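First up is the structure itself, then whatever we jot down about it.
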Amino acid sequence: MESWSWPPRYDDSYRPPAGSPYWFPVRETMDPAEREDRILQRIREVMRYAWERAPFYRRKWSEAGVHPDGVRSLEDFERIPVVTKAELRDAQARAEPYGDYLCVEPSEVHHVHGTSGTTGRPTAFGISRGDWRAIANAHARVLWGMGVRPSDSVFIGSFFSLYMGSWGALIGAERLGATVFPFGAGVPGQTLRAASWMAQMRPTCFYGTPSYGLHLAEVAREHGIDPRSFGLRILFFSGEPGASIPGVRRRLEEIYGALVFDCGSMAEASPWMSLGESSARVGMLCWQDLVYTEVCDPRTYARVPYGSEGTPVYTHLERVSQPMIRLLSNDLTRWESPPTPCGRTYPYLPRGVYGRIDDMLTVRCENVYPSAIDEVVMALPGYGGEHRILVTRDRAMDELTVQLEYDAEVAGTGEAAVQRLRGRAETELRRVLGVGARVLPVPPGTLERTEFKARRVIDAREVLRS
């Protein structure tokens, strides 16, 4: 059941005993040094496979003067050049539609997914039938670690389109044996219908983005439906920072009366739940035997010590169709050494993935991450559920403004309560960010909600530069 074969082979009829906290006990609790030895063997197998089948990797590694046979340790592997999203787009432009890093025949592609292309050429993900099954098995393992069981019903409240998140949650829950309600999102009026269906069907688990979880609860309450009446016990989220931010997590858990779990890496690195919390709830675990994750210095791409901040770099250990080998995320996280209280011996990310290097704002010589602002304002008593971050430039000086929606209780108390909220928000933001921010309180319902990933930052300085 716990084979490390290459390519991976799983018994799709297997499930662990109902009382087991682990899907694969040996793999999940083994000594980290033994696991790293096995990971190194697998990396060498994956690299040889890609060298033989993917001109992209053969060309890239040859230009860098490296070869799969030269990787004799994980330290050697750190010298393998990283792969960027721009390189993947260029490869697909040269060799349409899947790029010259596709390692199977195009006829073997079972599912096509991809990026939206909003920031450039869309990237196509060609996923073979075997890879689809491996992703389902991987996600079932991680969901089991969160506490999802075959007796559960899982409501999926996110888009069913190119977006891999919904599909991964679906096939993982199906593989685990749970009842699945693939409701979706995005159609006008669908959020109210989602609340009505959840009140009727009472699913035990919910999947979506954190911002949509908050929006769903707000719509339900506006129509007289208590989100706690859904009967949820587990909420698991991906797609954006939020579920690992203490203020957001507390808010979601208080609203629904359920436990919140965070997961998610990159669609290109699916199974994206290879970063996913367990019942220990100490942060997202790096399920290293699924996707080998290195937290690296963003300049040298060498691993940083445990306890340090860096950017995740991902390597597939089970994908055969479009294997990613040292894929650069440009996300930000901090990792810690195992074990965790659940007994698993994977490294973990205590604050999850909390930002992106390219999302960082420099305001009056201070580095400001939007997720830090989110954490402050969402923890404020009187926060109304939405905010916007606006950066402008008046002559030579950057100005940071946060539009902050206040809740109905503050609105009913009067202007003095609004100004107290503003003062507290400005004080907390200065303390956390090291730079002053002007807070503009706005009435409930002023700011647009989202059914997908929240887009809260407006950098108006870009308009002035263009």
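Going through the structure tokens in order, the chains are called A, B, and so on, while each chain numbers its residues from 1 and the ligands are numbered from 1 in the order shown.
Neighbouring residues of A:Arg121 at 10 Å or closer, counting only C-alpha atoms and skipping chain neighbours under 5 positions away, are Ala86, Arg89, Asp90, Gln92, Ala93, Thr115 and Ser116 of chain A.
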Can you check which residues of stretch 310-446 of chain A DSSP gives as helix (DSSP H, G or I) on the backbone and send them as a VMD selection string?
chain A and resid 357 to 359 370 to 378 408 to 413 415 to 433
Mind checking DSSP for stretch 195-314 of chain A and telling me the strand (DSSP E or B) residues as number ranges by chain?
A: 205-208, 234-237, 259-263, 275-276, 284-286, 291-296, 303, 309-314
Atoms to include: C-alpha atoms. Write the selected residues as a PDB file, in the first residue's frame.
ATOM      1  CA  CYS A 205     -17.011  19.931   5.221  1.00  0.00           C
ATOM      2  CA  PHE A 206     -16.584  23.014   3.004  1.00  0.00           C
ATOM      3  CA  TYR A 207     -13.917  23.923   0.443  1.00  0.00           C
ATOM      4  CA  GLY A 208     -13.342  27.332  -1.161  1.00  0.00           C
ATOM      5  CA  ILE A 234     -14.256  21.227   8.851  1.00  0.00           C
ATOM      6  CA  LEU A 235     -13.499  24.117   6.484  1.00  0.00           C
ATOM      7  CA  PHE A 236     -10.456  23.743   4.234  1.00  0.00           C
ATOM      8  CA  PHE A 237      -9.237  26.575   2.042  1.00  0.00           C
ATOM      9  CA  LEU A 259     -12.232  23.967  12.433  1.00  0.00           C
ATOM     10  CA  VAL A 260     -10.276  25.753   9.687  1.00  0.00           C
ATOM     11  CA  PHE A 261      -7.443  24.095   7.725  1.00  0.00           C
ATOM     12  CA  ASP A 262      -5.142  25.742   5.203  1.00  0.00           C
ATOM     13  CA  CYS A 263      -3.608  24.099   2.138  1.00  0.00           C
ATOM     14  CA  LEU A 275       1.277  21.858   1.417  1.00  0.00           C
ATOM     15  CA  GLY A 276      -1.585  21.098   3.771  1.00  0.00           C
ATOM     16  CA  MET A 284       0.836  23.620   6.613  1.00  0.00           C
ATOM     17  CA  LEU A 285       2.919  20.440   6.419  1.00  0.00           C
ATOM     18  CA  CYS A 286       5.283  19.903   3.494  1.00  0.00           C
ATOM     19  CA  VAL A 291       6.126  17.077  -3.846  1.00  0.00           C
ATOM     20  CA  TYR A 292       9.593  17.811  -2.516  1.00  0.00           C
ATOM     21  CA  THR A 293       9.489  21.368  -1.151  1.00  0.00           C
ATOM     22  CA  GLU A 294      12.602  23.416  -0.479  1.00  0.00           C
ATOM     23  CA  VAL A 295      12.292  26.804   1.225  1.00  0.00           C
ATOM     24  CA  CYS A 296      15.054  28.738  -0.479  1.00  0.00           C
ATOM     25  CA  ARG A 303      17.736  25.939   1.041  1.00  0.00           C
ATOM     26  CA  GLU A 309      12.040  32.787   5.708  1.00  0.00           C
ATOM     27  CA  GLY A 310      12.336  32.080   2.002  1.00  0.00           C
ATOM     28  CA  THR A 311      10.485  31.153  -1.158  1.00  0.00           C
ATOM     29  CA  PRO A 312       9.198  27.626  -1.795  1.00  0.00           C
ATOM     30  CA  VAL A 313      10.699  25.661  -4.705  1.00  0.00           C
ATOM     31  CA  TYR A 314       8.770  22.552  -5.772  1.00  0.00           C
TER      32      TYR A 314
END
Give me the residues within 12 Å of A:Leu433 as a ChimeraX atom specification, counting only C-alpha atoms and dropping any in the same chain fewer than 2 places off.
/A:361-376,400,425-431,435-437
